[in-house]
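Before any comments, here is the structure.
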Number of protein chains: 2
Amino acid sequence: MNIYVSGTGLTKFGELFEKSLLDLALEASVLALKESRIAREEIDAVVVSNMLAEKISGQSHLGALVSSALGLKNVEAFRVEAACASGGVAVKKGVDLLRTGNYRRVLILGVEKMTDQKAFLVTEALATAAGAEKESFYGFTFPSLYALMANRYFHQYKIGRKELAMVAVKNHYHGARNSKAHFQKEINLETVLKSSMIAEPLSLFDSSPISDGAAAVILSTEKPRAANPVRIIASSCASDSLALADRASLTSIASAKVAAKKAFKEAGLEPKDIDVLEVHDCFTIAEIIALEDLGFFKKGEAGKAVRLGKTYCNQALPVNTSGGLKAAGHPVGATGVKQIIEIAYQLQNRATDRQVKNPKFGLTHNVGGSGATAVVNILTNS
Amino acid sequence: MNIYVSGTGLTKFGELFEKSLLDLALEASVLALKESRIAREEIDAVVVSNMLAEKISGQSHLGALVSSALGLKNVEAFRVEAACASGGVAVKKGVDLLRTGNYRRVLILGVEKMTDQKAFLVTEALATAAGAEKESFYGFTFPSLYALMANRYFHQYKIGRKELAMVAVKNHYHGARNSKAHFQKEINLETVLKSSMIAEPLSLFDSSPISDGAAAVILSTEKPRAANPVRIIASSCASDSLALADRASLTSIASAKVAAKKAFKEAGLEPKDIDVLEVHDCFTIAEIIALEDLGFFKKGEAGKAVRLGKTYCNQALPVNTSGGLKAAGHPVGATGVKQIIEIAYQLQNRATDRQVKNPKFGLTHNVGGSGATAVVNILTNS
């Protein structure tokens, strides 16, 4: 069965104080419907990805909220949540619905409205994705958890703050070429290295921002009426313990390795076949670890590739051409869906100044928490 | 494809102050695994249903939390949420996973820990399932929304508080015969009619309680190793607007009608074929409306059937033999899964003093909010 990306819709990511959760959800969904040339009545189900709406906007039950506001009369609708991997999981659920044979067109919407609360409350809400009993209860938030991972990585392998900073510089370079990105300004190494320390060794510019935004895709089993055909040929999800203390390693994310292995097997591909990828760079260290977990570099060697500039959009292995979470922004429920859209853009040659040359296969890597959930999707235009 | 209920696990429902969210989740899951005689390593995916853990327990990301705590190494795991219909949706997602042909055994867990916060905070958290912009912002909570429905129903049809009270009396009669029920004590009409008014015309005893609890089922495509075979032969989900103000009717829930119609069609059955049912009686009026939406009675006639005692476990149409939400309790994420377990018990002749005589087909009806989501499942032992 072919599963096509038949339409995409993306809002600007950023501090969108004038737009509500529902405004963003509808904007992205309507854009996706329009691009797909699929009528509302033809949508068989709606999957909504969101993490924080209860705590930020006092609103749960987003499946019904969004589908009824879109005028999709009495359609099946539900929300999925797996922390920052919610978007990837929602895409996987859309794929699964189509694979039952009982659905033909499903709308996948990722949405997050984060800026309606003070930053410390958002940080606290995000920390619900960590282990309550072993981490957040003791004051851990995600910058400190990823800082532990970075420190251990520095201890085991020969990289330091400079390699991390180069991830941020590269992703801002890409973000400056993406009109939907939260940050569209290039930065240099000094900017990162001199920025405020958040959790040693991670500085402000090693960290993805708090963003509002929404991303929607329509997946279907029929060839798209409008867009160039892009298919999802593998979709895989795996889990691990929430708490870092319960993991075998701090420098590798087992769920991502398992999800990647399953996805490559399903697609019948290897890492060398992939031409462009979006990975979950919530902090710069996460991009380094992701490239190794996915099999693109041996353990400890991704930092060197970054230092040599190999992951720019016009180089050997383009990574996070959207700007990643770091520069494009990280409205958590939207991120995993936005990754699919960026890869679709690349495979359709729609990525403007950040376009990769003739890519055939693209991959997305979306992580929840410090690695308790990971989703890997593989797409192709062939 | 046959989809079997291969194992069930149910905690006591009630005010379980000595048990945490994770304690309850593990207790139900381990019971279900044990009953199924399926090894942990054989589980292909975990679907967790929960509504309130972020707000009550400071914990999201329950898919990974539960699967890792169970020792299910790197399995696919995620949470679904559709307010009080989360459990029904989770069952539907399990059915969908199996229908893809890529999964053989999935664990569906519904869990809710509600009593760790003060009741007014729980009420506020529950109200996130209503429309934030049109309802909860103005102070509406669910008792008042269902009271609007009850008042309109009283206005259109010839019933009053007495018929509602008889729903509560009947469900307490059943709850008194269920060792897992929150309330295991029979009550009489006077108890209901003289209890504190919550939202005119709904009194304390017209309302389901705030409960802790968990329910787990293992669904599989293979014949159960242990339990008598019970199959899910239809599973259907539909949506509607969150806000009552946007609905065509206050005395009927369109999502439930649509979900029921689809489910009966899928099963090739009619209401008259159903021998036992669990419906979503969050408030007594909801049971009356449910029986009409599902097609068991013409509009305006369910109250009469209740008055005549026809919905007791030893009568023509046994409804809520578990005690329903009213007496068995309503740990919201667990409710839709518990309904499946009660019907499985009935179809396996395991329902002790509340056993229905030789049932062949059973139905569950799970509603989110005031009707924005509805899920209908049909089961059989034949």
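By order of appearance in the structure tokens: chains A, B, ..., then residues from 1 within every chain, and ligands from 1 in the order shown.
Every chain A residue lying within 6 Å of chain B, based on only C-alpha atoms, is listed here: Gly58, Gln59, Ser60, His61, Ala64, Leu65, Ser68, Asn74, Val75, Glu76, Phe78, Arg79, Val80, Glu81, Ala82, Ala83, Arg99, Thr100, Thr128, Ala129, Ala132, Cys237, Ala238, Ser239, Asp240, Ser241, Leu242, Ser255 and Ala372 of chain A.
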Using C-alpha atoms, can you write the selected residues to a file as a JSON list (two decimals), in the first residue's frame?
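Result file is selection-v6.json:
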```json
[["chain", "number", "residue", "atom", "x", "y", "z"],
["A", 58, "GLY", "CA", -6.94, 25.04, 29.82],
["A", 59, "GLN", "CA", -8.06, 22.88, 26.90],
["A", 60, "SER", "CA", -7.92, 19.11, 26.37],
["A", 61, "HIS", "CA", -10.05, 17.07, 23.96],
["A", 64, "ALA", "CA", -13.04, 16.87, 18.64],
["A", 65, "LEU", "CA", -12.25, 20.57, 19.05],
["A", 68, "SER", "CA", -15.62, 20.20, 14.62],
["A", 74, "ASN", "CA", -18.83, 13.66, 13.22],
["A", 75, "VAL", "CA", -15.54, 12.29, 11.89],
["A", 76, "GLU", "CA", -13.29, 10.06, 14.04],
["A", 78, "PHE", "CA", -8.47, 11.92, 18.77],
["A", 79, "ARG", "CA", -5.28, 13.32, 20.29],
["A", 80, "VAL", "CA", -2.02, 11.49, 20.84],
["A", 81, "GLU", "CA", 0.70, 12.50, 23.27],
["A", 82, "ALA", "CA", 4.24, 11.28, 23.69],
["A", 83, "ALA", "CA", 5.84, 14.50, 24.95],
["A", 99, "ARG", "CA", -2.75, 0.49, 6.73],
["A", 100, "THR", "CA", -5.94, -0.99, 8.23],
["A", 128, "THR", "CA", 6.10, 16.53, 33.05],
["A", 129, "ALA", "CA", 7.70, 14.51, 30.20],
["A", 132, "ALA", "CA", 8.14, 12.66, 37.93],
["A", 237, "CYS", "CA", 8.25, 4.09, 17.05],
["A", 238, "ALA", "CA", 10.08, 2.82, 20.15],
["A", 239, "SER", "CA", 10.28, 3.62, 23.85],
["A", 240, "ASP", "CA", 12.63, 3.59, 26.82],
["A", 241, "SER", "CA", 12.56, 4.59, 30.48],
["A", 242, "LEU", "CA", 11.65, 8.20, 31.22],
["A", 255, "SER", "CA", 14.70, 4.07, 21.55],
["A", 372, "ALA", "CA", 11.87, 7.83, 26.29]]
```
Once chain B is fitted onto chain A by least squares over all its in-order Cα atoms, send the moved chain as a tab-separated table (two decimals) with C-alpha atoms, in the first residue's frame.
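Wrote part28.tsv, looks like this:
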```tsv
chain	number	residue	atom	x	y	z
B	1	MET	CA	0.02	-0.01	0.03
B	2	ASN	CA	1.31	3.45	-0.92
B	3	ILE	CA	0.97	6.18	1.68
B	4	TYR	CA	1.23	9.62	0.14
B	5	VAL	CA	1.76	13.05	1.65
B	6	SER	CA	-1.09	14.67	-0.25
B	7	GLY	CA	-1.05	18.09	1.32
B	8	THR	CA	0.99	20.14	3.77
B	9	GLY	CA	0.15	23.19	5.87
B	10	LEU	CA	2.53	25.11	8.08
B	11	THR	CA	2.13	28.27	10.11
B	12	LYS	CA	4.97	30.60	10.91
B	13	PHE	CA	6.73	29.33	14.06
B	14	GLY	CA	7.53	31.92	16.72
B	15	GLU	CA	6.05	34.06	19.45
B	16	LEU	CA	2.62	34.47	17.90
B	17	PHE	CA	0.89	36.41	20.63
B	18	GLU	CA	-2.00	37.37	18.40
B	19	LYS	CA	-2.97	33.77	17.57
B	20	SER	CA	-4.72	31.22	19.78
B	21	LEU	CA	-4.23	27.46	19.91
B	22	LEU	CA	-7.32	27.00	17.74
B	23	ASP	CA	-6.27	29.78	15.31
B	24	LEU	CA	-2.98	27.98	14.68
B	25	ALA	CA	-4.66	24.57	14.38
B	26	LEU	CA	-7.14	25.85	11.81
B	27	GLU	CA	-4.56	27.82	9.82
B	28	ALA	CA	-2.31	24.79	9.28
B	29	SER	CA	-5.22	22.41	8.63
B	30	VAL	CA	-6.89	24.66	6.09
B	31	LEU	CA	-3.59	25.15	4.25
B	32	ALA	CA	-3.09	21.38	4.10
B	33	LEU	CA	-6.65	20.79	2.84
B	34	LYS	CA	-6.22	23.51	0.23
B	35	GLU	CA	-2.90	22.16	-1.02
B	36	SER	CA	-4.29	18.62	-1.20
B	37	ARG	CA	-7.40	19.60	-3.19
B	38	ILE	CA	-9.22	17.14	-0.94
B	39	ALA	CA	-12.63	18.32	0.27
B	40	ARG	CA	-13.35	18.43	3.99
B	41	GLU	CA	-16.04	15.78	3.60
B	42	GLU	CA	-13.48	13.35	2.20
B	43	ILE	CA	-11.38	13.28	5.38
B	44	ASP	CA	-11.89	9.98	7.23
B	45	ALA	CA	-10.11	10.76	10.51
B	46	VAL	CA	-8.21	13.48	12.36
B	47	VAL	CA	-5.18	12.81	14.55
B	48	VAL	CA	-4.06	15.73	16.70
B	49	SER	CA	-0.65	15.92	18.31
B	50	ASN	CA	-0.32	18.20	21.30
B	51	MET	CA	1.48	18.11	24.61
B	52	LEU	CA	0.71	21.19	26.69
B	53	ALA	CA	-2.76	22.56	25.98
B	54	GLU	CA	-4.27	21.48	29.31
B	55	LYS	CA	-1.63	23.33	31.27
B	56	ILE	CA	-1.10	26.29	28.96
B	57	SER	CA	-4.55	26.90	27.45
B	58	GLY	CA	-6.93	25.05	29.80
B	59	GLN	CA	-8.04	22.91	26.88
B	60	SER	CA	-7.90	19.15	26.37
B	61	HIS	CA	-10.03	17.09	23.95
B	62	LEU	CA	-8.32	18.62	20.91
B	63	GLY	CA	-9.36	15.91	18.44
B	64	ALA	CA	-13.01	16.88	18.63
B	65	LEU	CA	-12.22	20.58	19.04
B	66	VAL	CA	-10.22	20.79	15.83
B	67	SER	CA	-12.35	18.48	13.69
B	68	SER	CA	-15.58	20.24	14.61
B	69	ALA	CA	-14.07	23.70	14.13
B	70	LEU	CA	-12.97	22.56	10.67
B	71	GLY	CA	-16.53	21.49	9.92
B	72	LEU	CA	-15.57	17.82	9.56
B	73	LYS	CA	-18.96	16.48	10.58
B	74	ASN	CA	-18.81	13.69	13.20
B	75	VAL	CA	-15.50	12.32	11.88
B	76	GLU	CA	-13.27	10.09	14.02
B	77	ALA	CA	-10.86	12.36	15.90
B	78	PHE	CA	-8.45	11.94	18.78
B	79	ARG	CA	-5.26	13.32	20.29
B	80	VAL	CA	-2.02	11.48	20.85
B	81	GLU	CA	0.71	12.50	23.27
B	82	ALA	CA	4.25	11.27	23.70
B	83	ALA	CA	5.85	14.49	24.95
B	84	CYS	CA	8.01	16.15	22.26
B	85	ALA	CA	7.61	13.06	20.05
B	86	SER	CA	3.83	13.56	19.87
B	87	GLY	CA	4.03	14.79	16.27
B	88	GLY	CA	6.01	11.80	15.07
B	89	VAL	CA	3.64	9.46	16.88
B	90	ALA	CA	0.65	11.21	15.27
B	91	VAL	CA	2.16	10.63	11.83
B	92	LYS	CA	2.72	6.97	12.74
B	93	LYS	CA	-0.93	6.71	13.87
B	94	GLY	CA	-2.06	8.19	10.55
B	95	VAL	CA	0.06	5.63	8.70
B	96	ASP	CA	-1.44	2.85	10.87
B	97	LEU	CA	-5.01	4.02	10.19
B	98	LEU	CA	-4.38	3.90	6.44
B	99	ARG	CA	-2.75	0.49	6.74
B	100	THR	CA	-5.93	-0.98	8.24
B	101	GLY	CA	-7.49	-0.49	4.81
B	102	ASN	CA	-10.54	1.21	6.37
B	103	TYR	CA	-9.37	4.81	5.84
B	104	ARG	CA	-8.31	6.64	2.72
B	105	ARG	CA	-7.46	10.18	3.81
B	106	VAL	CA	-6.42	11.30	7.26
B	107	LEU	CA	-5.49	14.73	8.56
B	108	ILE	CA	-2.54	14.82	10.95
B	109	LEU	CA	-2.25	18.06	12.86
B	110	GLY	CA	0.48	19.02	15.30
B	111	VAL	CA	-0.11	22.19	17.28
B	112	GLU	CA	1.35	23.89	20.31
B	113	LYS	CA	0.63	27.27	21.87
B	114	MET	CA	3.40	27.88	24.39
B	115	THR	CA	3.78	31.62	24.84
B	116	ASP	CA	0.51	32.22	26.71
B	117	GLN	CA	2.24	31.39	30.00
B	118	LYS	CA	5.42	32.59	31.66
B	119	ALA	CA	8.56	30.73	30.61
B	120	PHE	CA	9.11	29.07	34.00
B	121	LEU	CA	5.59	27.62	33.87
B	122	VAL	CA	6.23	26.31	30.36
B	123	THR	CA	9.49	24.75	31.54
B	124	GLU	CA	7.60	23.12	34.40
B	125	ALA	CA	4.92	21.85	32.00
B	126	LEU	CA	7.60	20.43	29.69
B	127	ALA	CA	9.21	18.73	32.67
B	128	THR	CA	6.11	16.52	33.06
B	129	ALA	CA	7.70	14.51	30.21
B	130	ALA	CA	10.60	13.55	32.47
B	131	GLY	CA	10.20	10.96	35.21
B	132	ALA	CA	8.15	12.66	37.92
B	133	GLU	CA	9.36	10.34	40.67
B	134	LYS	CA	13.04	10.27	39.71
B	135	GLU	CA	13.68	13.58	37.92
B	136	SER	CA	11.22	16.47	37.90
B	137	PHE	CA	10.35	16.01	41.60
B	138	TYR	CA	13.99	16.79	42.36
B	139	GLY	CA	14.05	19.91	40.22
B	140	PHE	CA	15.36	18.50	36.97
B	141	THR	CA	14.17	20.23	33.82
B	142	PHE	CA	15.20	19.33	30.27
B	143	PRO	CA	18.18	21.68	29.92
B	144	SER	CA	19.76	20.04	32.95
B	145	LEU	CA	18.98	16.50	31.73
B	146	TYR	CA	20.54	17.17	28.32
B	147	ALA	CA	23.45	18.89	30.07
B	148	LEU	CA	24.15	15.62	31.90
B	149	MET	CA	24.19	13.85	28.54
B	150	ALA	CA	26.49	16.50	27.04
B	151	ASN	CA	28.94	16.33	29.95
B	152	ARG	CA	29.13	12.57	29.75
B	153	TYR	CA	29.57	12.80	25.97
B	154	PHE	CA	32.42	15.30	26.39
B	155	HIS	CA	33.99	12.94	28.94
B	156	GLN	CA	33.86	9.93	26.61
B	157	TYR	CA	34.54	11.53	23.22
B	158	LYS	CA	36.79	14.26	21.96
B	159	ILE	CA	34.43	17.17	21.43
B	160	GLY	CA	33.57	20.26	23.44
B	161	ARG	CA	31.37	23.34	23.39
B	162	LYS	CA	32.75	24.39	19.99
B	163	GLU	CA	31.27	21.41	18.12
B	164	LEU	CA	27.93	21.94	19.83
B	165	ALA	CA	28.03	25.60	18.88
B	166	MET	CA	28.67	24.67	15.25
B	167	VAL	CA	25.39	22.73	15.24
B	168	ALA	CA	23.60	25.92	16.30
B	169	VAL	CA	25.44	28.05	13.72
B	170	LYS	CA	24.55	25.60	10.93
B	171	ASN	CA	20.89	25.38	11.97
B	172	HIS	CA	20.60	29.17	12.13
B	173	TYR	CA	22.16	29.30	8.64
B	174	HIS	CA	19.31	27.06	7.46
B	175	GLY	CA	16.69	28.92	9.50
B	176	ALA	CA	17.75	32.16	7.80
B	177	ARG	CA	16.61	30.50	4.55
B	178	ASN	CA	13.21	29.36	5.88
B	179	SER	CA	10.44	31.95	5.93
B	180	LYS	CA	8.48	29.95	8.52
B	181	ALA	CA	11.36	29.66	11.00
B	182	HIS	CA	11.20	31.19	14.47
B	183	PHE	CA	14.72	32.62	14.03
B	184	GLN	CA	15.71	33.73	10.54
B	185	LYS	CA	19.04	35.26	11.38
B	186	GLU	CA	22.49	33.77	10.93
B	187	ILE	CA	24.72	33.65	13.98
B	188	ASN	CA	28.42	32.94	14.49
B	189	LEU	CA	30.38	30.75	16.87
B	190	GLU	CA	31.05	33.61	19.24
B	191	THR	CA	27.32	34.30	19.64
B	192	VAL	CA	26.79	30.79	20.91
B	193	LEU	CA	29.89	30.52	23.06
B	194	LYS	CA	29.30	33.89	24.74
B	195	SER	CA	25.56	33.46	25.30
B	196	SER	CA	24.15	32.97	28.79
B	197	MET	CA	24.87	29.60	30.34
B	198	ILE	CA	21.62	27.67	30.94
B	199	ALA	CA	22.93	24.35	32.26
B	200	GLU	CA	26.67	23.79	31.90
B	201	PRO	CA	27.81	23.11	29.12
B	202	LEU	CA	24.57	24.16	27.33
B	203	SER	CA	24.13	27.87	26.71
B	204	LEU	CA	21.10	29.81	25.52
B	205	PHE	CA	22.10	29.30	21.89
B	206	ASP	CA	22.52	25.56	22.40
B	207	SER	CA	18.82	25.41	23.27
B	208	SER	CA	15.70	25.36	21.11
B	209	PRO	CA	13.23	28.15	21.87
B	210	ILE	CA	9.70	28.19	23.29
B	211	SER	CA	7.57	28.58	20.16
B	212	ASP	CA	3.97	28.70	18.99
B	213	GLY	CA	3.09	26.96	15.77
B	214	ALA	CA	1.18	24.31	13.92
B	215	ALA	CA	1.91	21.84	11.12
B	216	ALA	CA	-0.56	19.66	9.25
B	217	VAL	CA	-0.26	16.94	6.64
B	218	ILE	CA	-2.88	14.94	4.84
B	219	LEU	CA	-1.86	11.35	4.33
B	220	SER	CA	-3.74	9.30	1.78
B	221	THR	CA	-3.63	6.00	-0.04
B	222	GLU	CA	-4.40	7.73	-3.35
B	223	LYS	CA	-1.91	9.57	-5.51
B	224	PRO	CA	-1.98	13.29	-4.64
B	225	ARG	CA	-4.25	15.46	-6.78
B	226	ALA	CA	-1.87	18.40	-6.60
B	227	ALA	CA	1.57	18.03	-5.04
B	228	ASN	CA	4.38	15.94	-6.53
B	229	PRO	CA	4.02	12.46	-5.07
B	230	VAL	CA	5.99	11.91	-1.89
B	231	ARG	CA	5.46	8.70	0.02
B	232	ILE	CA	6.11	7.57	3.59
B	233	ILE	CA	7.79	4.21	3.14
B	234	ALA	CA	8.63	3.47	6.77
B	235	SER	CA	7.31	4.62	10.12
B	236	SER	CA	8.58	3.27	13.38
B	237	CYS	CA	8.25	4.08	17.05
B	238	ALA	CA	10.08	2.80	20.15
B	239	SER	CA	10.28	3.62	23.84
B	240	ASP	CA	12.62	3.59	26.82
B	241	SER	CA	12.57	4.59	30.47
B	242	LEU	CA	11.66	8.20	31.21
B	243	ALA	CA	14.44	8.65	33.74
B	244	LEU	CA	18.06	8.87	32.58
B	245	ALA	CA	19.02	6.99	35.74
B	246	ASP	CA	17.35	3.86	34.36
B	247	ARG	CA	19.22	3.90	31.03
B	248	ALA	CA	22.21	1.85	29.94
B	249	SER	CA	23.89	4.88	28.34
B	250	LEU	CA	23.84	8.69	28.60
B	251	THR	CA	25.51	9.19	25.23
B	252	SER	CA	23.11	7.19	23.08
B	253	ILE	CA	19.32	6.93	22.94
B	254	ALA	CA	18.26	3.29	22.71
B	255	SER	CA	14.70	4.07	21.55
B	256	ALA	CA	16.08	6.01	18.57
B	257	LYS	CA	18.44	3.19	17.65
B	258	VAL	CA	15.61	0.65	17.76
B	259	ALA	CA	13.18	2.87	15.84
B	260	ALA	CA	15.84	3.59	13.19
B	261	LYS	CA	16.75	-0.06	12.80
B	262	LYS	CA	13.09	-1.00	12.31
B	263	ALA	CA	12.49	1.86	9.88
B	264	PHE	CA	15.54	1.09	7.71
B	265	LYS	CA	14.49	-2.56	7.60
B	266	GLU	CA	10.94	-1.61	6.63
B	267	ALA	CA	12.19	0.69	3.88
B	268	GLY	CA	14.85	-1.75	2.69
B	269	LEU	CA	17.44	1.03	2.97
B	270	GLU	CA	20.62	1.90	4.81
B	271	PRO	CA	21.79	5.25	6.20
B	272	LYS	CA	23.96	5.79	3.11
B	273	ASP	CA	20.79	5.89	0.98
B	274	ILE	CA	19.38	8.92	2.83
B	275	ASP	CA	19.91	12.30	1.15
B	276	VAL	CA	18.42	14.68	3.71
B	277	LEU	CA	17.29	14.42	7.30
B	278	GLU	CA	15.50	16.30	10.03
B	279	VAL	CA	16.60	15.29	13.52
B	280	HIS	CA	15.43	16.28	16.98
B	281	ASP	CA	17.91	18.98	18.05
B	282	CYS	CA	16.09	20.26	21.13
B	283	PHE	CA	19.62	20.96	22.36
B	284	THR	CA	22.72	20.95	20.17
B	285	ILE	CA	24.10	17.81	21.84
B	286	ALA	CA	20.93	15.98	20.77
B	287	GLU	CA	21.78	16.47	17.07
B	288	ILE	CA	25.24	14.95	17.56
B	289	ILE	CA	23.81	11.95	19.40
B	290	ALA	CA	21.00	11.56	16.83
B	291	LEU	CA	23.41	11.31	13.90
B	292	GLU	CA	25.18	8.44	15.64
B	293	ASP	CA	22.03	6.67	16.86
B	294	LEU	CA	20.64	6.73	13.32
B	295	GLY	CA	23.77	5.09	11.98
B	296	PHE	CA	25.19	7.99	9.94
B	297	PHE	CA	28.40	8.10	11.97
B	298	LYS	CA	30.25	5.78	14.29
B	299	LYS	CA	30.00	6.54	18.00
B	300	GLY	CA	31.95	9.64	18.88
B	301	GLU	CA	32.46	10.79	15.28
B	302	ALA	CA	29.46	12.99	14.51
B	303	GLY	CA	31.08	16.00	16.16
B	304	LYS	CA	33.94	15.85	13.70
B	305	ALA	CA	31.54	15.82	10.74
B	306	VAL	CA	29.80	18.87	12.15
B	307	ARG	CA	33.14	20.60	12.66
B	308	LEU	CA	34.00	19.92	9.00
B	309	GLY	CA	30.69	21.45	7.87
B	310	LYS	CA	29.40	18.25	6.31
B	311	THR	CA	25.81	18.71	7.52
B	312	TYR	CA	24.98	21.95	5.67
B	313	CYS	CA	22.23	21.84	3.02
B	314	ASN	CA	24.79	21.98	0.18
B	315	GLN	CA	27.14	19.37	1.64
B	316	ALA	CA	27.38	15.58	1.87
B	317	LEU	CA	24.73	14.97	4.54
B	318	PRO	CA	22.22	17.84	4.89
B	319	VAL	CA	20.77	17.84	8.43
B	320	ASN	CA	17.94	20.04	9.68
B	321	THR	CA	17.56	22.14	6.57
B	322	SER	CA	14.43	23.69	8.11
B	323	GLY	CA	16.64	25.15	10.82
B	324	GLY	CA	15.77	22.26	13.11
B	325	LEU	CA	14.17	22.78	16.48
B	326	LYS	CA	17.02	25.17	17.27
B	327	ALA	CA	16.28	27.84	14.65
B	328	ALA	CA	12.94	26.89	13.09
B	329	GLY	CA	11.50	26.64	16.59
B	330	HIS	CA	10.00	23.91	18.73
B	331	PRO	CA	6.24	24.12	19.25
B	332	VAL	CA	6.45	20.63	20.70
B	333	GLY	CA	3.30	19.00	19.34
B	334	ALA	CA	3.98	20.45	15.89
B	335	THR	CA	7.65	19.50	15.57
B	336	GLY	CA	7.31	15.89	14.39
B	337	VAL	CA	4.78	16.92	11.74
B	338	LYS	CA	6.89	19.88	10.61
B	339	GLN	CA	9.80	17.49	10.06
B	340	ILE	CA	7.66	15.53	7.60
B	341	ILE	CA	6.76	18.77	5.80
B	342	GLU	CA	10.40	19.87	5.50
B	343	ILE	CA	11.39	16.50	4.03
B	344	ALA	CA	8.40	16.64	1.66
B	345	TYR	CA	9.50	20.14	0.56
B	346	GLN	CA	13.01	18.85	-0.09
B	347	LEU	CA	11.78	15.84	-2.03
B	348	GLN	CA	9.48	18.11	-4.07
B	349	ASN	CA	12.22	20.68	-4.72
B	350	ARG	CA	10.26	23.35	-2.86
B	351	ALA	CA	12.89	24.22	-0.26
B	352	THR	CA	14.00	27.52	-1.88
B	353	ASP	CA	17.44	28.73	-0.74
B	354	ARG	CA	18.06	25.70	1.45
B	355	GLN	CA	17.18	23.15	-1.27
B	356	VAL	CA	19.26	19.99	-1.28
B	357	LYS	CA	20.35	18.83	-4.73
B	358	ASN	CA	18.00	16.15	-6.11
B	359	PRO	CA	17.28	14.18	-2.96
B	360	LYS	CA	15.56	10.80	-3.37
B	361	PHE	CA	15.18	9.67	0.24
B	362	GLY	CA	14.63	11.67	3.43
B	363	LEU	CA	14.36	10.73	7.09
B	364	THR	CA	12.78	12.28	10.19
B	365	HIS	CA	13.83	11.60	13.79
B	366	ASN	CA	11.56	12.88	16.57
B	367	VAL	CA	12.32	12.33	20.25
B	368	GLY	CA	10.20	12.68	23.39
B	369	GLY	CA	11.71	13.68	26.72
B	370	SER	CA	15.37	12.79	26.99
B	371	GLY	CA	14.77	9.77	24.74
B	372	ALA	CA	11.88	7.82	26.29
B	373	THR	CA	10.07	7.92	22.95
B	374	ALA	CA	11.55	8.04	19.46
B	375	VAL	CA	9.88	7.98	16.06
B	376	VAL	CA	11.68	7.54	12.74
B	377	ASN	CA	9.96	8.04	9.40
B	378	ILE	CA	11.46	7.56	5.93
B	379	LEU	CA	10.09	9.29	2.84
B	380	THR	CA	10.81	9.13	-0.86
B	381	ASN	CA	9.84	10.79	-4.13
B	382	SER	CA	10.75	7.74	-6.20
```
Report task. Determine which residues of segment 99-328 of chain A DSSP labels as helix (DSSP H, G or I) from the backbone of this structure, then write them out as a PyMOL selection string. Result -> chain A and resi 99+119-129+136-138+142-156+161-175+189-193+204-206+244-246+254-267+271-273+284-293+302-307+324-328
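DSSP annotation of segment 232-338 of chain B from backbone atoms: strand (DSSP E) residues are B:Ile232, B:Ile233, B:Ala234, B:Ser235, B:Ser236, B:Cys237, B:Ala238, B:Ser239, B:Val276, B:Leu277, B:Glu278.
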May I have the selected residues written with C-alpha atoms, as a short mmCIF file (atom, residue, chain, number, x, y, z; two decimals), in the first residue's frame?
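The resulting again_3.cif:
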```cif
data_model
loop_
_atom_site.label_atom_id
_atom_site.label_comp_id
_atom_site.auth_asym_id
_atom_site.auth_seq_id
_atom_site.Cartn_x
_atom_site.Cartn_y
_atom_site.Cartn_z
CA ILE B 232 -14.34 -7.33 19.44
CA ILE B 233 -16.36 -7.39 16.24
CA ALA B 234 -16.92 -3.66 15.80
CA SER B 235 -15.17 -0.54 17.02
CA SER B 236 -16.24 2.91 16.00
CA CYS B 237 -15.48 6.48 16.99
CA ALA B 238 -17.11 9.81 16.08
CA SER B 239 -16.87 13.44 17.13
CA VAL B 276 -25.87 -6.58 27.73
CA LEU B 277 -24.42 -3.10 27.57
CA GLU B 278 -22.21 -0.68 29.43
#
```
